[in-house]
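Visitor: Dropping in my_file-v5.cif, with mmCIF, C-alpha atoms and all ligand atoms.
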data_start
#
loop_
_atom_site.label_atom_id
_atom_site.label_comp_id
_atom_site.auth_asym_id
_atom_site.auth_seq_id
_atom_site.Cartn_x
_atom_site.Cartn_y
_atom_site.Cartn_z
CA MET A 1 0.00 0.00 0.00
CA PRO A 2 2.16 2.85 -1.24
CA GLY A 3 2.36 5.76 1.19
CA VAL A 4 0.02 4.17 3.71
CA ASP A 5 1.53 1.01 5.12
CA THR A 6 4.38 -1.42 4.68
CA LEU A 7 3.35 -5.02 5.01
CA LEU A 8 4.90 -8.43 5.15
CA VAL A 9 3.55 -11.27 3.03
CA ILE A 10 4.52 -14.82 4.03
CA ARG A 11 3.69 -17.96 2.07
CA PRO A 12 3.94 -20.81 4.60
CA ALA A 13 2.14 -23.27 2.30
CA ASP A 14 1.38 -23.38 -1.43
CA ASP A 15 -2.26 -22.51 -0.87
CA LEU A 16 -1.83 -20.02 1.98
CA LEU A 17 -0.67 -16.41 2.16
CA LEU A 18 -0.17 -14.61 5.48
CA VAL A 19 -0.52 -10.86 5.10
CA THR A 20 0.57 -8.78 8.10
CA PRO A 21 -0.13 -5.05 7.80
CA HIS A 22 0.84 -2.62 10.57
CA GLY A 23 -2.14 -0.35 10.07
CA GLY A 24 -5.41 -0.12 11.95
CA VAL A 25 -8.91 -1.33 11.14
CA GLY A 26 -9.22 0.89 8.05
CA VAL A 27 -6.09 -0.55 6.44
CA CYS A 28 -7.20 -4.14 7.18
CA ARG A 29 -10.66 -3.52 5.68
CA ALA A 30 -9.21 -1.91 2.56
CA LEU A 31 -6.79 -4.81 2.22
CA GLY A 32 -9.61 -7.36 2.64
CA ARG A 33 -11.60 -5.62 -0.11
CA ALA A 34 -8.59 -5.44 -2.43
CA LEU A 35 -7.80 -9.16 -1.96
CA ARG A 36 -11.44 -10.15 -2.49
CA ASP A 37 -11.64 -8.01 -5.65
CA ALA A 38 -8.45 -9.71 -6.86
CA GLY A 39 -10.14 -13.12 -6.49
CA LEU A 40 -8.30 -14.11 -3.28
CA PRO A 41 -11.03 -14.64 -0.66
CA ARG A 42 -10.19 -15.33 2.97
CA ARG A 43 -10.04 -19.10 3.38
CA GLU A 44 -12.53 -20.23 6.01
CA GLY A 45 -10.95 -22.34 8.73
CA ALA A 46 -7.42 -21.26 7.80
CA PRO A 47 -5.12 -21.63 10.81
CA TYR A 48 -4.16 -18.35 12.43
CA TRP A 49 -0.75 -19.71 13.38
CA PRO A 50 0.38 -21.92 10.49
CA GLU A 51 3.94 -21.86 11.86
CA ALA A 52 2.80 -23.63 15.06
CA ALA A 53 3.91 -27.23 15.47
CA GLY A 54 0.48 -28.32 16.67
CA GLU A 55 -2.88 -27.27 18.04
CA VAL A 56 -1.66 -26.54 21.58
CA GLU A 57 1.14 -24.37 20.24
CA ALA A 58 -1.30 -22.47 17.99
CA ARG A 59 -3.59 -21.86 20.98
CA MET A 60 -0.58 -20.85 23.06
CA LEU A 61 0.61 -18.28 20.49
CA SER A 62 -2.88 -16.90 20.25
CA THR A 63 -3.25 -16.57 24.06
CA LEU A 64 0.27 -15.17 24.41
CA ALA A 65 -0.71 -12.25 22.19
CA SER A 66 -3.16 -10.98 24.82
CA VAL A 67 -1.65 -11.82 28.22
CA ARG A 68 0.51 -9.64 30.46
CA GLY A 69 2.74 -10.57 33.38
CA HIS A 70 5.88 -12.68 33.18
CA ARG A 71 4.43 -15.60 35.14
CA ALA A 72 1.67 -16.11 32.55
CA VAL A 73 4.15 -15.88 29.67
CA ARG A 74 6.57 -18.38 31.19
CA LEU A 75 3.90 -20.94 31.99
CA LEU A 76 2.19 -20.64 28.60
CA LEU A 77 5.47 -21.14 26.73
CA ASP A 78 5.92 -24.43 28.58
CA GLN A 79 2.52 -25.92 27.74
CA PRO A 80 3.08 -27.33 24.20
CA ALA A 81 5.99 -29.47 25.50
CA ARG A 82 3.95 -30.66 28.47
CA TRP A 83 1.03 -31.77 26.31
CA ALA A 84 3.40 -33.34 23.77
CA SER A 85 5.07 -35.42 26.48
CA GLY A 86 1.70 -36.73 27.68
CA LEU A 87 1.75 -35.22 31.19
CA PRO A 88 -1.60 -35.55 33.00
CA PRO A 89 -3.72 -32.38 33.07
CA VAL A 90 -3.57 -30.17 36.16
CA PRO A 91 -6.47 -30.66 38.61
CA GLN A 92 -9.50 -28.38 38.24
CA ALA A 93 -8.62 -26.36 41.37
CA VAL A 94 -5.14 -25.62 39.99
CA ALA A 95 -6.61 -24.64 36.59
CA ALA A 96 -8.98 -22.22 38.37
CA GLU A 97 -6.03 -20.53 40.08
CA LEU A 98 -3.94 -20.42 36.92
CA ALA A 99 -6.86 -18.82 35.05
CA ARG A 100 -6.09 -15.69 37.06
CA LEU A 101 -2.87 -15.33 35.08
CA LEU A 102 -4.99 -14.77 31.96
CA ARG A 103 -7.74 -12.49 33.32
CA PRO A 104 -6.61 -9.96 35.93
CA PRO A 105 -8.24 -10.79 39.28
CA LEU A 106 -9.97 -7.95 41.14
CA VAL A 107 -8.19 -6.55 44.22
CA VAL A 108 -10.03 -3.86 46.21
CA ALA A 109 -8.29 -1.63 48.77
CA THR A 110 -10.71 -0.48 51.45
CA GLY A 111 -10.68 0.75 55.07
CA PRO A 112 -10.94 4.09 56.88
CA ALA A 113 -10.23 7.31 54.98
CA ASN A 114 -6.85 9.07 55.10
CA VAL A 115 -4.67 6.03 55.89
CA GLY A 116 -2.67 6.02 52.65
CA LYS A 117 -4.75 3.74 50.38
CA SER A 118 -4.41 6.00 47.34
CA SER A 119 -0.73 6.60 48.09
CA LEU A 120 -0.24 2.82 48.14
CA ALA A 121 -1.83 2.46 44.68
CA ASN A 122 0.45 5.21 43.37
CA ALA A 123 3.56 3.66 44.95
CA LEU A 124 2.81 0.22 43.49
CA ALA A 125 2.06 1.73 40.07
CA SER A 126 5.20 3.94 40.26
CA ARG A 127 3.11 6.79 38.86
CA PRO A 128 0.20 8.92 40.09
CA VAL A 129 -3.07 7.09 39.44
CA ALA A 130 -5.17 8.25 42.41
CA ARG A 131 -5.45 11.60 44.17
CA VAL A 132 -3.80 11.90 47.58
CA ALA A 133 -4.73 14.46 50.25
CA ASP A 134 -4.30 14.93 53.96
CA ARG A 135 -8.04 14.80 54.60
CA PRO A 136 -10.79 12.17 54.32
CA GLY A 137 -13.32 11.95 51.47
CA VAL A 138 -10.96 12.74 48.58
CA THR A 139 -11.25 9.36 46.84
CA ARG A 140 -14.84 9.10 45.62
CA ASP A 141 -15.50 7.02 42.52
CA ALA A 142 -13.19 4.06 42.91
CA VAL A 143 -10.07 4.39 40.75
CA ALA A 144 -9.13 1.26 38.78
CA VAL A 145 -5.64 0.51 37.53
CA ASP A 146 -3.95 -2.64 36.24
CA LEU A 147 -0.81 -3.40 38.26
CA GLU A 148 1.78 -6.13 37.77
CA LEU A 149 2.52 -7.50 41.21
CA ASP A 150 5.22 -10.14 41.45
CA GLY A 151 4.61 -11.15 37.83
CA LEU A 152 0.81 -11.26 38.10
CA VAL A 153 -1.37 -8.53 36.58
CA VAL A 154 -4.27 -7.56 38.88
CA ARG A 155 -7.09 -5.05 38.46
CA TRP A 156 -6.58 -2.79 41.49
CA LEU A 157 -9.51 -0.74 42.76
CA ASP A 158 -8.77 2.17 45.11
CA ALA A 159 -12.05 2.58 46.98
CA PRO A 160 -13.29 5.55 49.02
CA GLY A 161 -12.92 5.31 52.82
CA VAL A 162 -15.59 3.42 54.72
CA ASP A 163 -16.12 6.16 57.35
CA ARG A 164 -19.56 7.69 57.74
CA ALA A 165 -20.29 9.55 54.50
CA GLU A 166 -20.76 13.29 55.00
CA ASP A 167 -22.72 13.68 51.76
CA ALA A 168 -24.95 11.74 49.37
CA VAL A 169 -22.34 11.53 46.61
CA LEU A 170 -19.81 9.83 48.90
CA ALA A 171 -22.55 7.52 50.21
CA GLN A 172 -23.29 6.47 46.61
CA ALA A 173 -19.59 5.93 45.92
CA GLN A 174 -19.34 3.76 49.03
CA ALA A 175 -22.36 1.69 47.95
CA LEU A 176 -20.67 1.06 44.57
CA ALA A 177 -17.43 0.13 46.34
CA ALA A 178 -19.36 -2.36 48.50
CA ILE A 179 -20.49 -4.14 45.32
CA ALA A 180 -16.88 -4.31 44.11
CA ILE A 181 -15.81 -5.71 47.49
CA GLU A 182 -18.42 -8.48 47.14
CA ALA A 183 -17.08 -9.34 43.69
CA ALA A 184 -13.39 -9.02 44.59
CA ASP A 185 -10.98 -11.94 44.45
CA LEU A 186 -9.01 -10.31 47.26
CA VAL A 187 -9.87 -7.40 49.57
CA LEU A 188 -7.15 -5.35 51.27
CA TRP A 189 -8.24 -3.94 54.61
CA CYS A 190 -6.10 -0.82 55.13
CA GLN A 191 -5.75 0.67 58.61
CA ASP A 192 -3.10 2.87 60.20
CA ALA A 193 -0.48 0.69 61.88
CA TRP A 194 -0.93 2.46 65.24
CA ASP A 195 -4.72 2.77 65.16
CA VAL A 196 -6.41 0.71 67.87
CA SER A 197 -9.86 2.26 67.45
CA GLN A 198 -10.79 0.13 64.41
CA ARG A 199 -11.79 -3.51 64.42
CA PRO A 200 -10.01 -5.20 61.50
CA PRO A 201 -11.89 -8.06 59.78
CA ASP A 202 -11.31 -11.59 61.01
CA PRO A 203 -8.62 -13.61 59.20
CA SER A 204 -9.94 -14.95 55.90
CA SER A 205 -8.52 -16.23 52.63
CA ARG A 206 -10.27 -13.38 50.79
CA TRP A 207 -9.01 -10.54 53.02
CA LEU A 208 -5.50 -9.28 53.64
CA ARG A 209 -5.09 -6.83 56.54
CA LEU A 210 -2.53 -4.07 56.00
CA ALA A 211 -0.88 -1.93 58.67
CA MET A 212 -0.49 1.38 56.77
CA ARG A 213 1.91 4.35 57.07
CA ALA A 214 4.21 2.09 59.09
CA ASP A 215 7.15 4.54 58.72
CA ARG A 216 5.52 6.75 61.37
CA GLY A 217 6.24 4.19 64.09
CA PHE A 218 3.59 2.87 66.41
CA GLY A 219 2.96 1.21 69.73
CA PRO A 220 5.67 0.23 72.18
CA SER A 221 7.86 -1.49 69.53
CA PRO A 222 8.18 0.61 66.35
CA GLY A 223 8.86 -1.49 63.27
CA VAL A 224 7.12 -4.57 64.66
CA MET A 225 3.97 -5.54 62.83
CA PRO A 226 0.79 -5.20 64.89
CA ALA A 227 -0.74 -8.57 65.83
CA TRP A 228 -3.90 -7.97 63.77
CA ALA A 229 -2.02 -7.32 60.50
CA ASP A 230 -0.99 -9.68 57.68
CA ALA A 231 1.43 -7.15 56.19
CA MET A 232 2.97 -3.79 57.07
CA VAL A 233 3.63 -1.09 54.46
CA SER A 234 4.67 2.49 53.91
CA ALA A 235 3.98 4.10 50.55
CA HIS A 236 6.38 6.91 51.46
CA THR A 237 9.48 4.83 52.29
CA GLY A 238 8.66 1.72 50.25
CA LEU A 239 8.75 -0.41 53.41
CA GLY A 240 7.04 -3.76 52.81
CA LEU A 241 5.91 -3.04 49.22
CA ALA A 242 7.80 -5.91 47.56
CA GLU A 243 6.64 -8.30 50.28
CA LEU A 244 3.05 -7.09 49.84
CA ALA A 245 3.20 -7.65 46.07
CA SER A 246 4.45 -11.18 46.62
CA GLN A 247 1.84 -11.87 49.32
CA ILE A 248 -0.98 -10.69 47.05
CA ARG A 249 0.32 -12.82 44.17
CA ARG A 250 0.58 -15.90 46.40
CA ARG A 251 -2.95 -15.42 47.73
CA LEU A 252 -4.31 -15.24 44.17
CA VAL A 253 -2.06 -17.73 42.36
CA GLY A 254 -0.26 -19.92 44.89
CA ASP A 255 3.26 -21.31 44.50
CA ALA A 256 1.86 -24.86 44.38
CA ALA A 257 -0.32 -24.01 41.36
CA LEU A 258 2.54 -22.20 39.59
CA SER A 259 4.96 -25.09 40.07
CA HIS A 260 2.44 -27.86 39.32
CA PRO A 261 4.09 -30.00 36.65
CA GLY A 262 0.84 -31.02 34.90
CA ALA A 263 -0.43 -29.91 31.50
CA TRP A 264 -2.71 -26.86 31.63
CA ALA A 265 -5.73 -26.59 29.30
CA PHE A 266 -5.45 -22.78 29.35
CA TRP A 267 -7.92 -22.38 26.48
CA GLU A 268 -10.79 -24.04 28.35
CA PRO A 269 -13.18 -21.87 30.36
CA THR A 270 -12.72 -22.55 34.08
CA PRO A 271 -15.56 -22.18 36.57
CA PRO A 272 -14.82 -19.60 39.28
CA SER A 273 -13.62 -21.11 42.52
CA ASP A 274 -12.75 -19.92 46.00
CA PRO A 275 -9.26 -18.44 46.39
CA PRO A 276 -6.64 -20.86 47.73
N1 LIG B 301 4.02 9.05 56.78
C1 LIG B 301 3.31 8.57 55.79
N2 LIG B 301 2.28 9.30 55.28
C2 LIG B 301 1.56 8.76 54.26
C3 LIG B 301 1.85 7.48 53.73
N3 LIG B 301 0.95 7.20 52.76
C4 LIG B 301 0.15 8.28 52.67
N4 LIG B 301 0.50 9.22 53.56
C5 LIG B 301 -0.13 10.53 53.76
O1 LIG B 301 -1.41 10.29 54.34
C6 LIG B 301 -2.38 11.19 53.82
C7 LIG B 301 -3.55 10.41 53.21
O2 LIG B 301 -3.08 9.69 52.09
P1 LIG B 301 -4.09 9.09 51.01
O3 LIG B 301 -3.26 8.21 50.13
O4 LIG B 301 -4.88 10.17 50.35
O5 LIG B 301 -5.04 8.23 51.94
P2 LIG B 301 -6.47 7.53 51.59
O6 LIG B 301 -7.51 8.53 51.99
O7 LIG B 301 -6.53 6.32 52.46
O8 LIG B 301 -6.49 7.23 50.14
C8 LIG B 301 -1.63 12.07 52.79
O9 LIG B 301 -1.24 13.26 53.44
C9 LIG B 301 -0.40 11.23 52.44
O10 LIG B 301 0.70 12.00 52.04
C10 LIG B 301 2.97 6.74 54.29
O11 LIG B 301 3.30 5.61 53.89
N5 LIG B 301 3.63 7.33 55.32
MG MG B 302 -7.88 7.85 48.79
#
Could you show the structure in this file as structure tokens?
Guide:
Amino acid sequence: MPGVDTLLVIRPADDLLLVTPHGGVGVCRALGRALRDAGLPRREGAPYWPEAAGEVEARMLSTLASVRGHRAVRLLLDQPARWASGLPPVPQAVAAELARLLRPPLVVATGPANVGKSSLANALASRPVARVADRPGVTRDAVAVDLELDGLVVRWLDAPGVDRAEDAVLAQAQALAAIAIEAADLVLWCQDAWDVSQRPPDPSSRWLRLAMRADRGFGPSPGVMPAWADAMVSAHTGLGLAELASQIRRRLVGDAALSHPGAWAFWEPTPPSDPP
């Protein structure tokens, strides 16, 4: 296409041409029309990945094009060899966990206002994604961002504080956040490390309790994690951020699932299951 696009044409078989333009939808449509007019219709059922050694590899290449996160990529690359060597499929529960490598699981950060929830999202994203202020009620509509945590991409939702809403708009935002919390794969309860006035949720596989702003010191032994917490972080100093990322990843896709040697039918829909 002179002046519009440069494209690559590959002929992997006598009766098959692969045409790979760089352009957008308009270029592809124009190309489709031109090929049809030239008497070269698109062959129905033509393989999308004719260079693949087999069906699993073709599916793998196709899935690889849309996934993010190095853990997904590594595991997918290994699957054709596993199926070829006749390894038994991974159990259903493992497949359900591994499915989270392909579709970002939902992680919601909630808790009282003004404890550093938005700052935590910004620190993990390494860029400003949510507004930060030294007063409650600043985060209203939950802010969503995709974050890669320890090689797993999650959909992170920074929710407004759960304190009593001082206006109807915040109350509405809180009601929406409550729906997201119900749907979440993992909920992060965020509370100041030194705050003893709150009652953190009971331990649960779906909740992770974070002691926030831990750089400020707290209690009789600064730097020691409060008994109620599962993790201790500071968005300002970076304390505990790498450990938090790894803890979140392990809660969502456990080490046992990642290192399971079985063959993974990553193309099959998996029913949702409880987190590990
Ligand atoms: N010392 C300290 N202050 C923090 C930290 N994270 C946030 N803050 C401050 O706490 C206040 C509230 O932060 P914000 O992220 O808006 O809290 P949110 O309301 O829970 O989202 C702001 O003044 C932040 O600068 C932290 O890790 N350490
Ligand atoms: Mg906020």
Visitor: Mind checking which residues fall within 12 Å of Gln174 of chain A, counting all atoms listed in the file, ignoring those fewer than 5 positions away in the same chain, and posting them as a PDB file with C-alpha atoms, keeping the file's coordinate frame?
Guide:
ATOM      1  CA  THR A 110     -10.710  -0.480  51.450  1.00  0.00           C
ATOM      2  CA  GLY A 111     -10.680   0.750  55.070  1.00  0.00           C
ATOM      3  CA  PRO A 112     -10.940   4.090  56.880  1.00  0.00           C
ATOM      4  CA  ALA A 113     -10.230   7.310  54.980  1.00  0.00           C
ATOM      5  CA  GLY A 137     -13.320  11.950  51.470  1.00  0.00           C
ATOM      6  CA  THR A 139     -11.250   9.360  46.840  1.00  0.00           C
ATOM      7  CA  ARG A 140     -14.840   9.100  45.620  1.00  0.00           C
ATOM      8  CA  ASP A 141     -15.500   7.020  42.520  1.00  0.00           C
ATOM      9  CA  ALA A 142     -13.190   4.060  42.910  1.00  0.00           C
ATOM     10  CA  ASP A 158      -8.770   2.170  45.110  1.00  0.00           C
ATOM     11  CA  ALA A 159     -12.050   2.580  46.980  1.00  0.00           C
ATOM     12  CA  PRO A 160     -13.290   5.550  49.020  1.00  0.00           C
ATOM     13  CA  GLY A 161     -12.920   5.310  52.820  1.00  0.00           C
ATOM     14  CA  VAL A 162     -15.590   3.420  54.720  1.00  0.00           C
ATOM     15  CA  ASP A 163     -16.120   6.160  57.350  1.00  0.00           C
ATOM     16  CA  ARG A 164     -19.560   7.690  57.740  1.00  0.00           C
ATOM     17  CA  ALA A 165     -20.290   9.550  54.500  1.00  0.00           C
ATOM     18  CA  GLU A 166     -20.760  13.290  55.000  1.00  0.00           C
ATOM     19  CA  ASP A 167     -22.720  13.680  51.760  1.00  0.00           C
ATOM     20  CA  ALA A 168     -24.950  11.740  49.370  1.00  0.00           C
ATOM     21  CA  VAL A 169     -22.340  11.530  46.610  1.00  0.00           C
ATOM     22  CA  ILE A 179     -20.490  -4.140  45.320  1.00  0.00           C
ATOM     23  CA  ALA A 180     -16.880  -4.310  44.110  1.00  0.00           C
ATOM     24  CA  ILE A 181     -15.810  -5.710  47.490  1.00  0.00           C
TER      25      ILE A 181
END
Visitor: Let me know the centre plus edge lengths, in Å and rounded to one decimal, of a box with edges along x, y and z that contains all listed atoms of segment 124-128 of chain A and is padded by 6 Å on every side, as lines of an AutoDock Vina configuration file.
Guide:
center_x = 2.7
center_y = 4.6
center_z = 41.2
size_x = 17.0
size_y = 20.7
size_z = 16.6
Visitor: Hey, which of A:Val4, A:Ala99, A:Leu210, A:Leu239 ends up closest to Val67 of chain A? Count all atoms listed in the file.
Guide: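 The closest residue to Val67 of chain A is A:Ala99.
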Visitor: Which one of A:Pro50, A:Pro136, A:Asp5, A:Ala125 sits closest to Cys28 of chain A if you count only C-alpha atoms?
Guide: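 Once distances to Cys28 of chain A are computed over only C-alpha atoms, the minimum belongs to A:Asp5.
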Visitor: Could you give me, as CSV, a per-residue list for chain A showing, wherever an atom lies at most 8 Å from an atom of ligand LIG 301 (chain B), the closest pair of atoms and their distance in Å to one decimal, using all atoms listed in the file and sorting by chain then residue number from low to high?
Guide:
residue,atom,partner,partner_atom,distance
A:Gly111,CA,B:LIG301,O7,7.4
A:Pro112,CA,B:LIG301,O7,6.6
A:Ala113,CA,B:LIG301,O6,4.2
A:Asn114,CA,B:LIG301,O6,3.2
A:Val115,CA,B:LIG301,O7,3.9
A:Gly116,CA,B:LIG301,O5,3.3
A:Lys117,CA,B:LIG301,O7,3.8
A:Ser118,CA,B:LIG301,O8,3.7
A:Ser119,CA,B:LIG301,O3,3.6
A:Leu120,CA,B:LIG301,N3,6.5
A:Ala130,CA,B:LIG301,O8,7.9
A:Arg131,CA,B:LIG301,O4,6.4
A:Val132,CA,B:LIG301,O4,3.4
A:Ala133,CA,B:LIG301,O4,4.3
A:Asp134,CA,B:LIG301,O9,3.5
A:Arg135,CA,B:LIG301,C7,6.4
A:Pro136,CA,B:LIG301,O6,5.4
A:Gly137,CA,B:LIG301,O6,6.8
A:Val138,CA,B:LIG301,O6,6.4
A:Thr139,CA,B:LIG301,O8,6.2
A:Asp158,CA,B:LIG301,O8,7.5
A:Ala159,CA,B:LIG301,O8,7.9
A:Pro160,CA,B:LIG301,O8,7.1
A:Gly161,CA,B:LIG301,O6,6.4
A:Cys190,CA,B:LIG301,O7,7.6
A:Met212,CA,B:LIG301,O11,6.4
A:Arg213,CA,B:LIG301,O11,3.7
A:Ala214,CA,B:LIG301,O11,6.3
A:Asp215,CA,B:LIG301,N5,5.6
A:Arg216,CA,B:LIG301,N1,5.3
A:Val233,CA,B:LIG301,O11,6.7
A:Ser234,CA,B:LIG301,O11,3.4
A:Ala235,CA,B:LIG301,O11,3.7
A:His236,CA,B:LIG301,O11,4.1
A:Thr237,CA,B:LIG301,O11,6.4
A:Gly238,CA,B:LIG301,O11,7.6
Visitor: Might you pull out every residue within 12 Å of Gly254 of chain A, with only C-alpha atoms counted and same-chain residues fewer than 3 positions away left off, and present them as a PDB file with C-alpha atoms, in the coordinates of the input?
Guide:
ATOM      1  CA  ARG A  71       4.430 -15.600  35.140  1.00  0.00           C
ATOM      2  CA  ALA A  93      -8.620 -26.360  41.370  1.00  0.00           C
ATOM      3  CA  VAL A  94      -5.140 -25.620  39.990  1.00  0.00           C
ATOM      4  CA  ALA A  95      -6.610 -24.640  36.590  1.00  0.00           C
ATOM      5  CA  ALA A  96      -8.980 -22.220  38.370  1.00  0.00           C
ATOM      6  CA  GLU A  97      -6.030 -20.530  40.080  1.00  0.00           C
ATOM      7  CA  LEU A  98      -3.940 -20.420  36.920  1.00  0.00           C
ATOM      8  CA  ALA A  99      -6.860 -18.820  35.050  1.00  0.00           C
ATOM      9  CA  ARG A 100      -6.090 -15.690  37.060  1.00  0.00           C
ATOM     10  CA  LEU A 101      -2.870 -15.330  35.080  1.00  0.00           C
ATOM     11  CA  ASP A 150       5.220 -10.140  41.450  1.00  0.00           C
ATOM     12  CA  LEU A 152       0.810 -11.260  38.100  1.00  0.00           C
ATOM     13  CA  SER A 205      -8.520 -16.230  52.630  1.00  0.00           C
ATOM     14  CA  SER A 246       4.450 -11.180  46.620  1.00  0.00           C
ATOM     15  CA  GLN A 247       1.840 -11.870  49.320  1.00  0.00           C
ATOM     16  CA  ILE A 248      -0.980 -10.690  47.050  1.00  0.00           C
ATOM     17  CA  ARG A 249       0.320 -12.820  44.170  1.00  0.00           C
ATOM     18  CA  ARG A 250       0.580 -15.900  46.400  1.00  0.00           C
ATOM     19  CA  ARG A 251      -2.950 -15.420  47.730  1.00  0.00           C
ATOM     20  CA  ALA A 257      -0.320 -24.010  41.360  1.00  0.00           C
ATOM     21  CA  LEU A 258       2.540 -22.200  39.590  1.00  0.00           C
ATOM     22  CA  SER A 259       4.960 -25.090  40.070  1.00  0.00           C
ATOM     23  CA  HIS A 260       2.440 -27.860  39.320  1.00  0.00           C
ATOM     24  CA  PRO A 275      -9.260 -18.440  46.390  1.00  0.00           C
ATOM     25  CA  PRO A 276      -6.640 -20.860  47.730  1.00  0.00           C
TER      26      PRO A 276
END
Visitor: Which residues, written as a PyMOL selection string, have at least one atom at most 9 Å from Pro41 of chain A, with all atoms listed in the file counted and residues fewer than 5 positions away on the same chain left out?
Guide: chain A and resi 32+35-36
Visitor: Deliver the residues from the most recent selection as a file, using C-alpha atoms, as an mmCIF file, keeping the file's coordinate frame.
Guide:
data_model
loop_
_atom_site.group_PDB
_atom_site.id
_atom_site.type_symbol
_atom_site.label_atom_id
_atom_site.label_comp_id
_atom_site.auth_asym_id
_atom_site.auth_seq_id
_atom_site.Cartn_x
_atom_site.Cartn_y
_atom_site.Cartn_z
ATOM 1 C CA GLY A 32 -9.610 -7.360 2.640
ATOM 2 C CA LEU A 35 -7.800 -9.160 -1.960
ATOM 3 C CA ARG A 36 -11.440 -10.150 -2.490
#
Visitor: Would you mind listing what lies within 10 Å of Glu57 of chain A as a ChimeraX atom specification, with all atoms listed in the file counted and same-chain residues fewer than 6 positions away left out?
Guide: /A:49,51,63,76-81,83-84
Visitor: Out of A:Leu102, A:Leu40, A:Ala193, A:Leu61, which residue has the shortest atom-to-atom distance to Pro226 of chain A when counting all atoms listed in the file?
Guide: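 Nearest to Pro226 of chain A: A:Ala193.
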Visitor: Could you check how far atom CA of Arg103 of chain A sits from atom CA of Arg74 of chain A, in Å to one decimal?
Guide: 15.6 Å
Visitor: List the spatial neighbours of Thr20 of chain A as a ChimeraX atom specification - criterion: any atom at most 8 Å away, all atoms listed in the file, same-chain residues fewer than 2 positions off excluded.
Guide: /A:7-9,18,22
Visitor: Please produce a file of the residues just selected, as a short mmCIF file (atom, residue, chain, number, x, y, z; two decimals), in the coordinates of the input, where the atoms kept are C-alpha atoms.
Guide:
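Result saved to again.cif:
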data_model
loop_
_atom_site.label_atom_id
_atom_site.label_comp_id
_atom_site.auth_asym_id
_atom_site.auth_seq_id
_atom_site.Cartn_x
_atom_site.Cartn_y
_atom_site.Cartn_z
CA LEU A 7 3.35 -5.02 5.01
CA LEU A 8 4.90 -8.43 5.15
CA VAL A 9 3.55 -11.27 3.03
CA LEU A 18 -0.17 -14.61 5.48
CA HIS A 22 0.84 -2.62 10.57
#
Visitor: Distance atom CA of Ala38 of chain A-atom CA of Gly26 of chain A, one decimal place?
Guide: 18.3 Å
